[in-house]
file run.cif (mmCIF, N, CA and C atoms)
data_upload
loop_
_atom_site.label_atom_id
_atom_site.label_comp_id
_atom_site.auth_asym_id
_atom_site.auth_seq_id
_atom_site.Cartn_x
_atom_site.Cartn_y
_atom_site.Cartn_z
N MET A 1 51.11 14.13 -69.45
CA MET A 1 51.36 12.75 -69.07
C MET A 1 52.80 12.64 -68.55
N ILE A 2 52.96 11.83 -67.52
CA ILE A 2 54.29 11.56 -67.00
C ILE A 2 54.53 10.06 -67.03
N ASP A 3 55.78 9.68 -67.06
CA ASP A 3 56.17 8.29 -67.01
C ASP A 3 56.07 7.84 -65.55
N ALA A 4 55.11 6.98 -65.22
CA ALA A 4 54.86 6.55 -63.85
C ALA A 4 55.97 5.60 -63.38
N SER A 5 56.56 5.92 -62.24
CA SER A 5 57.59 5.06 -61.67
C SER A 5 56.95 3.75 -61.19
N THR A 6 57.77 2.73 -61.09
CA THR A 6 57.30 1.46 -60.55
C THR A 6 56.79 1.66 -59.12
N PHE A 7 57.47 2.48 -58.36
CA PHE A 7 57.06 2.77 -56.98
C PHE A 7 55.65 3.35 -56.96
N LEU A 8 55.37 4.32 -57.83
CA LEU A 8 54.05 4.93 -57.89
C LEU A 8 53.00 3.90 -58.28
N ARG A 9 53.30 3.11 -59.27
CA ARG A 9 52.33 2.12 -59.74
C ARG A 9 52.02 1.09 -58.65
N ARG A 10 53.04 0.70 -57.89
CA ARG A 10 52.81 -0.25 -56.79
C ARG A 10 52.02 0.39 -55.65
N ALA A 11 52.29 1.65 -55.36
CA ALA A 11 51.52 2.35 -54.32
C ALA A 11 50.06 2.48 -54.73
N LEU A 12 49.82 2.78 -55.99
CA LEU A 12 48.45 2.87 -56.49
C LEU A 12 47.77 1.50 -56.45
N LEU A 13 48.50 0.46 -56.83
CA LEU A 13 47.94 -0.89 -56.82
C LEU A 13 47.59 -1.32 -55.40
N ALA A 14 48.47 -1.06 -54.45
CA ALA A 14 48.19 -1.41 -53.05
C ALA A 14 46.93 -0.68 -52.56
N ASP A 15 46.80 0.58 -52.92
CA ASP A 15 45.62 1.36 -52.56
C ASP A 15 44.37 0.75 -53.20
N ALA A 16 44.48 0.36 -54.45
CA ALA A 16 43.33 -0.24 -55.14
C ALA A 16 42.91 -1.55 -54.48
N VAL A 17 43.88 -2.38 -54.10
CA VAL A 17 43.55 -3.65 -53.45
C VAL A 17 42.88 -3.40 -52.10
N PHE A 18 43.48 -2.54 -51.28
CA PHE A 18 42.92 -2.21 -49.97
C PHE A 18 41.52 -1.62 -50.11
N SER A 19 41.38 -0.68 -51.04
CA SER A 19 40.08 -0.03 -51.24
C SER A 19 39.05 -1.00 -51.80
N GLY A 20 39.49 -1.90 -52.67
CA GLY A 20 38.57 -2.87 -53.25
C GLY A 20 38.03 -3.84 -52.21
N VAL A 21 38.90 -4.32 -51.35
CA VAL A 21 38.46 -5.22 -50.27
C VAL A 21 37.50 -4.46 -49.34
N SER A 22 37.86 -3.23 -49.02
CA SER A 22 36.98 -2.42 -48.17
C SER A 22 35.64 -2.17 -48.85
N ALA A 23 35.67 -1.88 -50.14
CA ALA A 23 34.44 -1.62 -50.90
C ALA A 23 33.49 -2.81 -50.83
N LEU A 24 34.02 -4.00 -51.07
CA LEU A 24 33.17 -5.19 -51.04
C LEU A 24 32.62 -5.44 -49.64
N GLY A 25 33.50 -5.33 -48.64
CA GLY A 25 33.06 -5.57 -47.27
C GLY A 25 32.00 -4.58 -46.82
N LEU A 26 32.24 -3.31 -47.09
CA LEU A 26 31.30 -2.28 -46.64
C LEU A 26 30.00 -2.30 -47.43
N THR A 27 30.07 -2.57 -48.71
CA THR A 27 28.86 -2.59 -49.54
C THR A 27 27.96 -3.78 -49.18
N PHE A 28 28.56 -4.95 -49.10
CA PHE A 28 27.76 -6.16 -48.89
C PHE A 28 27.64 -6.58 -47.43
N GLY A 29 28.48 -6.02 -46.56
CA GLY A 29 28.41 -6.37 -45.15
C GLY A 29 28.08 -5.20 -44.26
N ALA A 30 27.45 -4.18 -44.82
CA ALA A 30 27.16 -2.95 -44.06
C ALA A 30 26.37 -3.23 -42.79
N ALA A 31 25.38 -4.10 -42.87
CA ALA A 31 24.55 -4.38 -41.69
C ALA A 31 25.39 -5.02 -40.58
N ALA A 32 26.20 -5.98 -40.94
CA ALA A 32 27.03 -6.66 -39.93
C ALA A 32 28.05 -5.71 -39.33
N PHE A 33 28.69 -4.90 -40.19
CA PHE A 33 29.68 -3.95 -39.69
C PHE A 33 29.03 -2.84 -38.86
N ALA A 34 27.81 -2.45 -39.20
CA ALA A 34 27.10 -1.43 -38.44
C ALA A 34 26.90 -1.90 -37.00
N THR A 35 26.52 -3.16 -36.86
CA THR A 35 26.33 -3.74 -35.52
C THR A 35 27.66 -3.88 -34.80
N LEU A 36 28.68 -4.36 -35.50
CA LEU A 36 29.99 -4.59 -34.90
C LEU A 36 30.65 -3.30 -34.43
N PHE A 37 30.51 -2.23 -35.22
CA PHE A 37 31.21 -0.98 -34.93
C PHE A 37 30.32 0.13 -34.35
N ASN A 38 29.02 -0.14 -34.26
CA ASN A 38 28.05 0.86 -33.80
C ASN A 38 28.13 2.13 -34.66
N LEU A 39 28.12 1.91 -35.98
CA LEU A 39 28.14 3.00 -36.95
C LEU A 39 26.90 2.87 -37.83
N PRO A 40 26.43 3.98 -38.40
CA PRO A 40 25.23 3.92 -39.25
C PRO A 40 25.45 3.03 -40.49
N GLU A 41 24.50 2.14 -40.70
CA GLU A 41 24.57 1.23 -41.84
C GLU A 41 24.65 1.98 -43.16
N ALA A 42 23.86 3.04 -43.29
CA ALA A 42 23.85 3.82 -44.54
C ALA A 42 25.22 4.44 -44.80
N LEU A 43 25.87 4.94 -43.77
CA LEU A 43 27.21 5.52 -43.93
C LEU A 43 28.19 4.48 -44.45
N LEU A 44 28.13 3.29 -43.88
CA LEU A 44 29.05 2.23 -44.30
C LEU A 44 28.76 1.77 -45.73
N ARG A 45 27.49 1.59 -46.06
CA ARG A 45 27.13 1.12 -47.42
C ARG A 45 27.50 2.18 -48.47
N GLU A 46 27.21 3.44 -48.19
CA GLU A 46 27.52 4.50 -49.15
C GLU A 46 29.03 4.68 -49.30
N THR A 47 29.76 4.49 -48.23
CA THR A 47 31.21 4.53 -48.31
C THR A 47 31.70 3.39 -49.20
N GLY A 48 31.14 2.21 -49.02
CA GLY A 48 31.50 1.07 -49.86
C GLY A 48 31.21 1.32 -51.33
N LEU A 49 30.06 1.90 -51.62
CA LEU A 49 29.71 2.19 -53.01
C LEU A 49 30.66 3.22 -53.62
N PHE A 50 31.02 4.24 -52.86
CA PHE A 50 32.00 5.21 -53.34
C PHE A 50 33.32 4.52 -53.63
N LEU A 51 33.73 3.61 -52.73
CA LEU A 51 35.02 2.95 -52.90
C LEU A 51 35.07 2.04 -54.12
N ILE A 52 33.93 1.57 -54.59
CA ILE A 52 33.92 0.77 -55.82
C ILE A 52 34.42 1.62 -56.98
N ALA A 53 33.89 2.83 -57.11
CA ALA A 53 34.32 3.72 -58.19
C ALA A 53 35.78 4.15 -57.97
N TYR A 54 36.13 4.45 -56.74
CA TYR A 54 37.50 4.86 -56.43
C TYR A 54 38.49 3.74 -56.78
N THR A 55 38.14 2.51 -56.43
CA THR A 55 39.01 1.37 -56.73
C THR A 55 39.23 1.22 -58.23
N ALA A 56 38.18 1.42 -59.00
CA ALA A 56 38.30 1.33 -60.46
C ALA A 56 39.28 2.38 -60.99
N LEU A 57 39.15 3.61 -60.50
CA LEU A 57 40.04 4.69 -60.94
C LEU A 57 41.49 4.40 -60.55
N VAL A 58 41.72 4.07 -59.30
CA VAL A 58 43.09 3.86 -58.82
C VAL A 58 43.69 2.61 -59.46
N GLY A 59 42.90 1.57 -59.62
CA GLY A 59 43.38 0.36 -60.30
C GLY A 59 43.76 0.64 -61.74
N TRP A 60 42.95 1.46 -62.41
CA TRP A 60 43.25 1.84 -63.79
C TRP A 60 44.56 2.63 -63.85
N LEU A 61 44.72 3.60 -62.94
CA LEU A 61 45.97 4.38 -62.90
C LEU A 61 47.17 3.46 -62.66
N ALA A 62 47.01 2.49 -61.78
CA ALA A 62 48.11 1.58 -61.46
C ALA A 62 48.54 0.75 -62.67
N SER A 63 47.62 0.55 -63.59
CA SER A 63 47.91 -0.29 -64.76
C SER A 63 48.57 0.49 -65.91
N ARG A 64 48.72 1.79 -65.77
CA ARG A 64 49.27 2.64 -66.83
C ARG A 64 50.75 2.91 -66.61
N THR A 65 51.50 2.92 -67.68
CA THR A 65 52.91 3.31 -67.59
C THR A 65 53.07 4.82 -67.67
N ALA A 66 52.10 5.48 -68.27
CA ALA A 66 52.08 6.94 -68.34
C ALA A 66 50.74 7.40 -67.76
N VAL A 67 50.80 8.37 -66.86
CA VAL A 67 49.59 8.85 -66.18
C VAL A 67 49.52 10.37 -66.23
N LEU A 68 48.34 10.88 -66.04
CA LEU A 68 48.16 12.32 -65.93
C LEU A 68 48.55 12.74 -64.51
N ARG A 69 49.55 13.59 -64.41
CA ARG A 69 50.02 14.04 -63.10
C ARG A 69 48.88 14.64 -62.26
N PRO A 70 48.04 15.51 -62.83
CA PRO A 70 46.95 16.08 -62.02
C PRO A 70 45.98 15.03 -61.47
N LEU A 71 45.78 13.95 -62.21
CA LEU A 71 44.88 12.89 -61.75
C LEU A 71 45.49 12.16 -60.55
N VAL A 72 46.80 11.90 -60.61
CA VAL A 72 47.47 11.27 -59.47
C VAL A 72 47.48 12.22 -58.28
N LEU A 73 47.71 13.50 -58.52
CA LEU A 73 47.66 14.49 -57.44
C LEU A 73 46.27 14.52 -56.80
N LEU A 74 45.24 14.37 -57.60
CA LEU A 74 43.87 14.32 -57.07
C LEU A 74 43.71 13.13 -56.12
N VAL A 75 44.27 11.99 -56.49
CA VAL A 75 44.21 10.80 -55.63
C VAL A 75 44.97 11.06 -54.33
N VAL A 76 46.15 11.66 -54.42
CA VAL A 76 46.95 11.96 -53.22
C VAL A 76 46.18 12.91 -52.30
N VAL A 77 45.67 13.99 -52.86
CA VAL A 77 44.93 14.97 -52.06
C VAL A 77 43.64 14.34 -51.50
N GLY A 78 42.99 13.53 -52.31
CA GLY A 78 41.79 12.84 -51.84
C GLY A 78 42.08 11.92 -50.67
N ASN A 79 43.18 11.19 -50.74
CA ASN A 79 43.56 10.31 -49.64
C ASN A 79 43.89 11.12 -48.38
N ALA A 80 44.59 12.22 -48.56
CA ALA A 80 44.90 13.07 -47.41
C ALA A 80 43.62 13.63 -46.80
N ALA A 81 42.70 14.07 -47.63
CA ALA A 81 41.43 14.61 -47.15
C ALA A 81 40.61 13.52 -46.44
N TRP A 82 40.65 12.31 -46.97
CA TRP A 82 39.94 11.18 -46.35
C TRP A 82 40.49 10.93 -44.95
N THR A 83 41.80 11.00 -44.82
CA THR A 83 42.44 10.79 -43.52
C THR A 83 41.97 11.83 -42.51
N VAL A 84 42.05 13.09 -42.90
CA VAL A 84 41.63 14.19 -42.02
C VAL A 84 40.13 14.08 -41.73
N GLY A 85 39.35 13.80 -42.75
CA GLY A 85 37.90 13.68 -42.57
C GLY A 85 37.51 12.54 -41.65
N SER A 86 38.22 11.45 -41.72
CA SER A 86 37.93 10.30 -40.85
C SER A 86 38.15 10.66 -39.38
N ILE A 87 39.26 11.31 -39.11
CA ILE A 87 39.55 11.72 -37.73
C ILE A 87 38.55 12.79 -37.28
N ALA A 88 38.22 13.71 -38.17
CA ALA A 88 37.23 14.75 -37.84
C ALA A 88 35.88 14.12 -37.52
N LEU A 89 35.53 13.05 -38.23
CA LEU A 89 34.26 12.36 -37.97
C LEU A 89 34.19 11.88 -36.53
N LEU A 90 35.29 11.38 -36.02
CA LEU A 90 35.31 10.90 -34.63
C LEU A 90 35.06 12.03 -33.63
N PHE A 91 35.59 13.20 -33.93
CA PHE A 91 35.45 14.33 -33.00
C PHE A 91 34.18 15.15 -33.23
N SER A 92 33.49 14.89 -34.32
CA SER A 92 32.33 15.71 -34.69
C SER A 92 31.10 15.44 -33.84
N GLY A 93 31.01 14.25 -33.31
CA GLY A 93 29.80 13.88 -32.58
C GLY A 93 28.69 13.40 -33.50
N ALA A 94 28.94 13.36 -34.80
CA ALA A 94 27.93 12.92 -35.77
C ALA A 94 27.69 11.42 -35.67
N VAL A 95 28.67 10.68 -35.19
CA VAL A 95 28.54 9.24 -34.98
C VAL A 95 29.02 8.92 -33.58
N SER A 96 28.58 7.77 -33.08
CA SER A 96 28.99 7.33 -31.74
C SER A 96 29.47 5.89 -31.81
N PRO A 97 30.61 5.67 -32.45
CA PRO A 97 31.10 4.29 -32.56
C PRO A 97 31.54 3.75 -31.21
N ASN A 98 31.53 2.43 -31.09
CA ASN A 98 32.09 1.80 -29.91
C ASN A 98 33.62 1.76 -30.07
N LEU A 99 34.32 1.14 -29.14
CA LEU A 99 35.78 1.10 -29.20
C LEU A 99 36.26 0.44 -30.50
N ALA A 100 35.62 -0.65 -30.90
CA ALA A 100 36.01 -1.32 -32.14
C ALA A 100 35.82 -0.39 -33.34
N GLY A 101 34.74 0.37 -33.33
CA GLY A 101 34.48 1.32 -34.42
C GLY A 101 35.51 2.44 -34.45
N GLU A 102 35.86 2.95 -33.27
CA GLU A 102 36.89 3.99 -33.21
C GLU A 102 38.22 3.46 -33.74
N LEU A 103 38.58 2.24 -33.32
CA LEU A 103 39.84 1.66 -33.79
C LEU A 103 39.82 1.43 -35.30
N MET A 104 38.69 0.99 -35.83
CA MET A 104 38.58 0.76 -37.27
C MET A 104 38.73 2.08 -38.03
N ILE A 105 38.08 3.14 -37.55
CA ILE A 105 38.17 4.44 -38.23
C ILE A 105 39.61 4.95 -38.19
N VAL A 106 40.25 4.85 -37.04
CA VAL A 106 41.64 5.32 -36.92
C VAL A 106 42.57 4.48 -37.79
N ALA A 107 42.39 3.17 -37.79
CA ALA A 107 43.27 2.28 -38.59
C ALA A 107 43.15 2.58 -40.08
N GLN A 108 41.92 2.74 -40.57
CA GLN A 108 41.78 3.02 -42.01
C GLN A 108 42.25 4.42 -42.34
N ALA A 109 42.13 5.36 -41.39
CA ALA A 109 42.64 6.71 -41.62
C ALA A 109 44.17 6.68 -41.74
N ILE A 110 44.81 5.92 -40.87
CA ILE A 110 46.27 5.79 -40.93
C ILE A 110 46.68 5.14 -42.25
N ALA A 111 46.00 4.06 -42.62
CA ALA A 111 46.33 3.37 -43.88
C ALA A 111 46.17 4.31 -45.07
N THR A 112 45.10 5.07 -45.08
CA THR A 112 44.85 6.00 -46.18
C THR A 112 45.92 7.10 -46.21
N GLY A 113 46.32 7.57 -45.05
CA GLY A 113 47.39 8.56 -44.97
C GLY A 113 48.71 8.01 -45.48
N VAL A 114 48.98 6.75 -45.17
CA VAL A 114 50.20 6.11 -45.67
C VAL A 114 50.15 5.99 -47.19
N PHE A 115 48.99 5.63 -47.73
CA PHE A 115 48.86 5.56 -49.19
C PHE A 115 49.11 6.93 -49.83
N ALA A 116 48.57 7.99 -49.22
CA ALA A 116 48.80 9.34 -49.75
C ALA A 116 50.28 9.65 -49.79
N GLU A 117 50.98 9.34 -48.71
CA GLU A 117 52.42 9.61 -48.64
C GLU A 117 53.19 8.78 -49.67
N LEU A 118 52.89 7.49 -49.75
CA LEU A 118 53.58 6.63 -50.72
C LEU A 118 53.33 7.09 -52.15
N GLN A 119 52.11 7.47 -52.45
CA GLN A 119 51.78 7.93 -53.80
C GLN A 119 52.48 9.25 -54.11
N TYR A 120 52.58 10.12 -53.12
CA TYR A 120 53.29 11.38 -53.33
C TYR A 120 54.77 11.12 -53.60
N VAL A 121 55.37 10.24 -52.82
CA VAL A 121 56.78 9.88 -53.04
C VAL A 121 56.93 9.25 -54.43
N GLY A 122 56.01 8.35 -54.78
CA GLY A 122 56.05 7.73 -56.10
C GLY A 122 55.90 8.73 -57.22
N LEU A 123 55.08 9.72 -57.01
CA LEU A 123 54.91 10.77 -58.01
C LEU A 123 56.21 11.54 -58.20
N ARG A 124 56.88 11.82 -57.11
CA ARG A 124 58.16 12.55 -57.19
C ARG A 124 59.25 11.70 -57.85
N LYS A 125 59.15 10.37 -57.74
CA LYS A 125 60.11 9.47 -58.36
C LYS A 125 59.82 9.23 -59.84
N SER A 126 58.66 9.66 -60.28
CA SER A 126 58.24 9.39 -61.65
C SER A 126 59.01 10.26 -62.62
N GLY A 127 59.06 9.78 -63.86
CA GLY A 127 59.83 10.44 -64.91
C GLY A 127 59.18 11.70 -65.42
N ARG A 128 59.86 12.29 -66.31
CA ARG A 128 59.41 13.53 -66.93
C ARG A 128 58.20 13.29 -67.83
N ALA A 129 57.70 14.37 -68.35
CA ALA A 129 56.54 14.31 -69.24
C ALA A 129 56.84 13.47 -70.46
N VAL A 130 55.84 12.73 -70.89
CA VAL A 130 55.96 11.93 -72.12
C VAL A 130 54.92 12.42 -73.11
N ALA A 131 55.14 12.17 -74.36
CA ALA A 131 54.18 12.56 -75.40
C ALA A 131 52.94 11.69 -75.27
N ALA A 132 51.79 12.30 -75.41
CA ALA A 132 50.53 11.57 -75.25
C ALA A 132 50.23 10.70 -76.42
#

call {"tool": "encode", "arguments": {"input": "run.cif", "output": "structure tokens"}}
result
Amino acid sequence: MIDASTFLRRALLADAVFSGVSALGLTFGAAAFATLFNLPEALLRETGLFLIAYTALVGWLASRTAVLRPLVLLVVVGNAAWTVGSIALLFSGAVSPNLAGELMIVAQAIATGVFAELQYVGLRKSGRAVAA
């Protein structure tokens, strides 16, 4: 366990808020977003469902003054992988989004990459190990 810096906790909280809003929108508005972005409805809904669990984890971490360093590192690596995966999705040919869909994928990839960077910086600012 490490003493989580305020910076780390705020970065995690911002990620949880962003992910939570996305989770609700994608889960309950998948059909509308599928039409708007020309993306598969199932992909959007399943992404939203995943984000519900992710939001719970990141929100819980944000609420702790002491966190498990490996768990925070998992979030950082996961966010970085999400960023790379989102851009790879555009080049894969697996989906054919319209311009709005491409912009949405790129925007959320950038936001997720920023969260990864902020969380990594916050992790480095965090205190030493604390007794569990």

call {"tool": "closest_residue", "arguments": {"input": "run.cif", "among": "A:Gly20, A:Gly113, A:Gly122, A:Gly101", "to": "Ala56 in chain A", "atoms": "only C-alpha atoms"}}
result
A:Gly20

call {"tool": "atom_distance", "arguments": {"input": "run.cif", "atom1": "atom C of Leu74 in chain A", "atom2": "atom C of Tyr120 in chain A"}}
result
11.5 Å

call {"tool": "closest_residue", "arguments": {"input": "run.cif", "among": "A:Thr55, A:Asn79, A:Gln108, A:Ser126", "to": "Ile2 in chain A", "atoms": "only C-alpha atoms"}}
result
A:Ser126

call {"tool": "closest_residue", "arguments": {"input": "run.cif", "among": "A:Ala94, A:Ile110, A:Leu49, A:Ala62", "to": "Ala16 in chain A", "atoms": "all atoms listed in the file"}}
result
A:Ala62

call {"tool": "residues_around", "arguments": {"input": "run.cif", "residues": "Val58 in chain A", "least_positions_apart": "4", "cutoff": "8 Å", "atoms": "only N, CA and C atoms", "output": "CSV table (one decimal) with N, CA and C atoms, in the coordinates of the input"}}
result
chain,number,residue,atom,x,y,z
A,11,ALA,N,52.3,1.6,-55.4
A,11,ALA,CA,51.5,2.4,-54.3
A,11,ALA,C,50.1,2.5,-54.7
A,12,LEU,N,49.8,2.8,-56.0
A,12,LEU,CA,48.4,2.9,-56.5
A,12,LEU,C,47.8,1.5,-56.4
A,13,LEU,N,48.5,0.5,-56.8
A,13,LEU,CA,47.9,-0.9,-56.8
A,13,LEU,C,47.6,-1.3,-55.4
A,14,ALA,N,48.5,-1.1,-54.4
A,14,ALA,CA,48.2,-1.4,-53.0
A,14,ALA,C,46.9,-0.7,-52.6
A,15,ASP,N,46.8,0.6,-52.9
A,15,ASP,CA,45.6,1.4,-52.6
A,15,ASP,C,44.4,0.8,-53.2
A,16,ALA,N,44.5,0.4,-54.4
A,16,ALA,CA,43.3,-0.2,-55.1
A,16,ALA,C,42.9,-1.6,-54.5
A,17,VAL,N,43.9,-2.4,-54.1
A,17,VAL,CA,43.6,-3.6,-53.4
A,17,VAL,C,42.9,-3.4,-52.1
A,53,ALA,N,33.9,2.8,-57.1
A,53,ALA,CA,34.3,3.7,-58.2
A,53,ALA,C,35.8,4.2,-58.0
A,54,TYR,N,36.1,4.4,-56.7
A,54,TYR,CA,37.5,4.9,-56.4
A,54,TYR,C,38.5,3.7,-56.8
A,62,ALA,N,47.0,2.5,-61.8
A,62,ALA,CA,48.1,1.6,-61.5
A,62,ALA,C,48.5,0.8,-62.7
A,63,SER,N,47.6,0.6,-63.6
A,63,SER,CA,47.9,-0.3,-64.8
A,63,SER,C,48.6,0.5,-65.9
A,75,VAL,N,44.3,12.0,-56.5
A,75,VAL,CA,44.2,10.8,-55.6
A,75,VAL,C,45.0,11.1,-54.3

call {"tool": "select_by_dssp", "arguments": {"input": "run.cif", "residues": "chain A", "states": "helix (DSSP H, G or I)", "output": "PyMOL selection string"}}
result
chain A and resi 6-28+30-37+41-62+69-92+99-125

call {"tool": "closest_residue", "arguments": {"input": "run.cif", "among": "A:Leu39, A:Thr27, A:Ser22, A:Thr6", "to": "Ser96 in chain A", "atoms": "only C-alpha atoms"}}
result
A:Leu39

call {"tool": "resolve_selection", "arguments": {"input": "run.cif", "expression": "the PyMOL selection byres ((chain A and resi 76) around 7)", "output": "list of chain:residue names"}}
result
A:Leu71, A:Val72, A:Leu73, A:Leu74, A:Val75, A:Val77, A:Gly78, A:Asn79, A:Ala80, A:Ala81, A:Phe115, A:Ala116, A:Glu117, A:Gln119, A:Tyr120

call {"tool": "axis_aligned_box", "arguments": {"input": "run.cif", "around": "range 113-125 of chain A", "padding_each_side": "3 Å", "output": "AutoDock Vina command-line options"}}
result
--center_x 53.2 --center_y 9.1 --center_z -52.4 --size_x 19.8 --size_y 13.0 --size_z 20.9

call {"tool": "residues_around", "arguments": {"input": "run.cif", "residues": "range 24-26 of chain A", "least_positions_apart": "3", "cutoff": "12 Å", "atoms": "only C-alpha atoms", "output": "PyMOL selection string"}}
result
chain A and resi 17-21+29-34+37+39-53+55

call {"tool": "write_last_selection", "arguments": {"input": "run.cif", "atoms": "N, CA and C atoms", "output": "PDB file, in the coordinates of the input"}}
result
ATOM      1  N   VAL A  17      43.880  -2.380 -54.100  1.00  0.00           N
ATOM      2  CA  VAL A  17      43.550  -3.650 -53.450  1.00  0.00           C
ATOM      3  C   VAL A  17      42.880  -3.400 -52.100  1.00  0.00           C
ATOM      4  N   PHE A  18      43.480  -2.540 -51.280  1.00  0.00           N
ATOM      5  CA  PHE A  18      42.920  -2.210 -49.970  1.00  0.00           C
ATOM      6  C   PHE A  18      41.520  -1.620 -50.110  1.00  0.00           C
ATOM      7  N   SER A  19      41.380  -0.680 -51.040  1.00  0.00           N
ATOM      8  CA  SER A  19      40.080  -0.030 -51.240  1.00  0.00           C
ATOM      9  C   SER A  19      39.050  -1.000 -51.800  1.00  0.00           C
ATOM     10  N   GLY A  20      39.490  -1.900 -52.670  1.00  0.00           N
ATOM     11  CA  GLY A  20      38.570  -2.870 -53.250  1.00  0.00           C
ATOM     12  C   GLY A  20      38.030  -3.840 -52.210  1.00  0.00           C
ATOM     13  N   VAL A  21      38.900  -4.320 -51.350  1.00  0.00           N
ATOM     14  CA  VAL A  21      38.460  -5.220 -50.270  1.00  0.00           C
ATOM     15  C   VAL A  21      37.500  -4.460 -49.340  1.00  0.00           C
ATOM     16  N   GLY A  29      28.480  -6.020 -46.560  1.00  0.00           N
ATOM     17  CA  GLY A  29      28.410  -6.370 -45.150  1.00  0.00           C
ATOM     18  C   GLY A  29      28.080  -5.200 -44.260  1.00  0.00           C
ATOM     19  N   ALA A  30      27.450  -4.180 -44.820  1.00  0.00           N
ATOM     20  CA  ALA A  30      27.160  -2.950 -44.060  1.00  0.00           C
ATOM     21  C   ALA A  30      26.370  -3.230 -42.790  1.00  0.00           C
ATOM     22  N   ALA A  31      25.380  -4.100 -42.870  1.00  0.00           N
ATOM     23  CA  ALA A  31      24.550  -4.380 -41.690  1.00  0.00           C
ATOM     24  C   ALA A  31      25.390  -5.020 -40.580  1.00  0.00           C
ATOM     25  N   ALA A  32      26.200  -5.980 -40.940  1.00  0.00           N
ATOM     26  CA  ALA A  32      27.030  -6.660 -39.930  1.00  0.00           C
ATOM     27  C   ALA A  32      28.050  -5.710 -39.330  1.00  0.00           C
ATOM     28  N   PHE A  33      28.690  -4.900 -40.190  1.00  0.00           N
ATOM     29  CA  PHE A  33      29.680  -3.950 -39.690  1.00  0.00           C
ATOM     30  C   PHE A  33      29.030  -2.840 -38.860  1.00  0.00           C
ATOM     31  N   ALA A  34      27.810  -2.450 -39.200  1.00  0.00           N
ATOM     32  CA  ALA A  34      27.100  -1.430 -38.440  1.00  0.00           C
ATOM     33  C   ALA A  34      26.900  -1.900 -37.000  1.00  0.00           C
ATOM     34  N   PHE A  37      30.510  -2.230 -35.220  1.00  0.00           N
ATOM     35  CA  PHE A  37      31.210  -0.980 -34.930  1.00  0.00           C
ATOM     36  C   PHE A  37      30.320   0.130 -34.350  1.00  0.00           C
ATOM     37  N   LEU A  39      28.120   1.910 -35.980  1.00  0.00           N
ATOM     38  CA  LEU A  39      28.140   3.000 -36.950  1.00  0.00           C
ATOM     39  C   LEU A  39      26.900   2.870 -37.830  1.00  0.00           C
ATOM     40  N   PRO A  40      26.430   3.980 -38.400  1.00  0.00           N
ATOM     41  CA  PRO A  40      25.230   3.920 -39.250  1.00  0.00           C
ATOM     42  C   PRO A  40      25.450   3.030 -40.490  1.00  0.00           C
ATOM     43  N   GLU A  41      24.500   2.140 -40.700  1.00  0.00           N
ATOM     44  CA  GLU A  41      24.570   1.230 -41.840  1.00  0.00           C
ATOM     45  C   GLU A  41      24.650   1.980 -43.160  1.00  0.00           C
ATOM     46  N   ALA A  42      23.860   3.040 -43.290  1.00  0.00           N
ATOM     47  CA  ALA A  42      23.850   3.820 -44.540  1.00  0.00           C
ATOM     48  C   ALA A  42      25.220   4.440 -44.800  1.00  0.00           C
ATOM     49  N   LEU A  43      25.870   4.940 -43.770  1.00  0.00           N
ATOM     50  CA  LEU A  43      27.210   5.520 -43.930  1.00  0.00           C
ATOM     51  C   LEU A  43      28.190   4.480 -44.450  1.00  0.00           C
ATOM     52  N   LEU A  44      28.130   3.290 -43.880  1.00  0.00           N
ATOM     53  CA  LEU A  44      29.050   2.230 -44.300  1.00  0.00           C
ATOM     54  C   LEU A  44      28.760   1.770 -45.730  1.00  0.00           C
ATOM     55  N   ARG A  45      27.490   1.590 -46.060  1.00  0.00           N
ATOM     56  CA  ARG A  45      27.130   1.120 -47.420  1.00  0.00           C
ATOM     57  C   ARG A  45      27.500   2.180 -48.470  1.00  0.00           C
ATOM     58  N   GLU A  46      27.210   3.440 -48.190  1.00  0.00           N
ATOM     59  CA  GLU A  46      27.520   4.500 -49.150  1.00  0.00           C
ATOM     60  C   GLU A  46      29.030   4.680 -49.300  1.00  0.00           C
ATOM     61  N   THR A  47      29.760   4.490 -48.230  1.00  0.00           N
ATOM     62  CA  THR A  47      31.210   4.530 -48.310  1.00  0.00           C
ATOM     63  C   THR A  47      31.700   3.390 -49.200  1.00  0.00           C
ATOM     64  N   GLY A  48      31.140   2.210 -49.020  1.00  0.00           N
ATOM     65  CA  GLY A  48      31.500   1.070 -49.860  1.00  0.00           C
ATOM     66  C   GLY A  48      31.210   1.320 -51.330  1.00  0.00           C
ATOM     67  N   LEU A  49      30.060   1.900 -51.620  1.00  0.00           N
ATOM     68  CA  LEU A  49      29.710   2.190 -53.010  1.00  0.00           C
ATOM     69  C   LEU A  49      30.660   3.220 -53.620  1.00  0.00           C
ATOM     70  N   PHE A  50      31.020   4.240 -52.860  1.00  0.00           N
ATOM     71  CA  PHE A  50      32.000   5.210 -53.340  1.00  0.00           C
ATOM     72  C   PHE A  50      33.320   4.520 -53.630  1.00  0.00           C
ATOM     73  N   LEU A  51      33.730   3.610 -52.730  1.00  0.00           N
ATOM     74  CA  LEU A  51      35.020   2.950 -52.900  1.00  0.00           C
ATOM     75  C   LEU A  51      35.070   2.040 -54.120  1.00  0.00           C
ATOM     76  N   ILE A  52      33.930   1.570 -54.590  1.00  0.00           N
ATOM     77  CA  ILE A  52      33.920   0.770 -55.820  1.00  0.00           C
ATOM     78  C   ILE A  52      34.420   1.620 -56.980  1.00  0.00           C
ATOM     79  N   ALA A  53      33.890   2.830 -57.110  1.00  0.00           N
ATOM     80  CA  ALA A  53      34.320   3.720 -58.190  1.00  0.00           C
ATOM     81  C   ALA A  53      35.780   4.150 -57.970  1.00  0.00           C
ATOM     82  N   THR A  55      38.140   2.510 -56.430  1.00  0.00           N
ATOM     83  CA  THR A  55      39.010   1.370 -56.730  1.00  0.00           C
ATOM     84  C   THR A  55      39.230   1.220 -58.230  1.00  0.00           C
TER      85      THR A  55
END

call {"tool": "atom_distance", "arguments": {"input": "run.cif", "atom1": "CA of Ala66 in chain A", "atom2": "CA of Leu123 in chain A"}}
result
11.4 Å
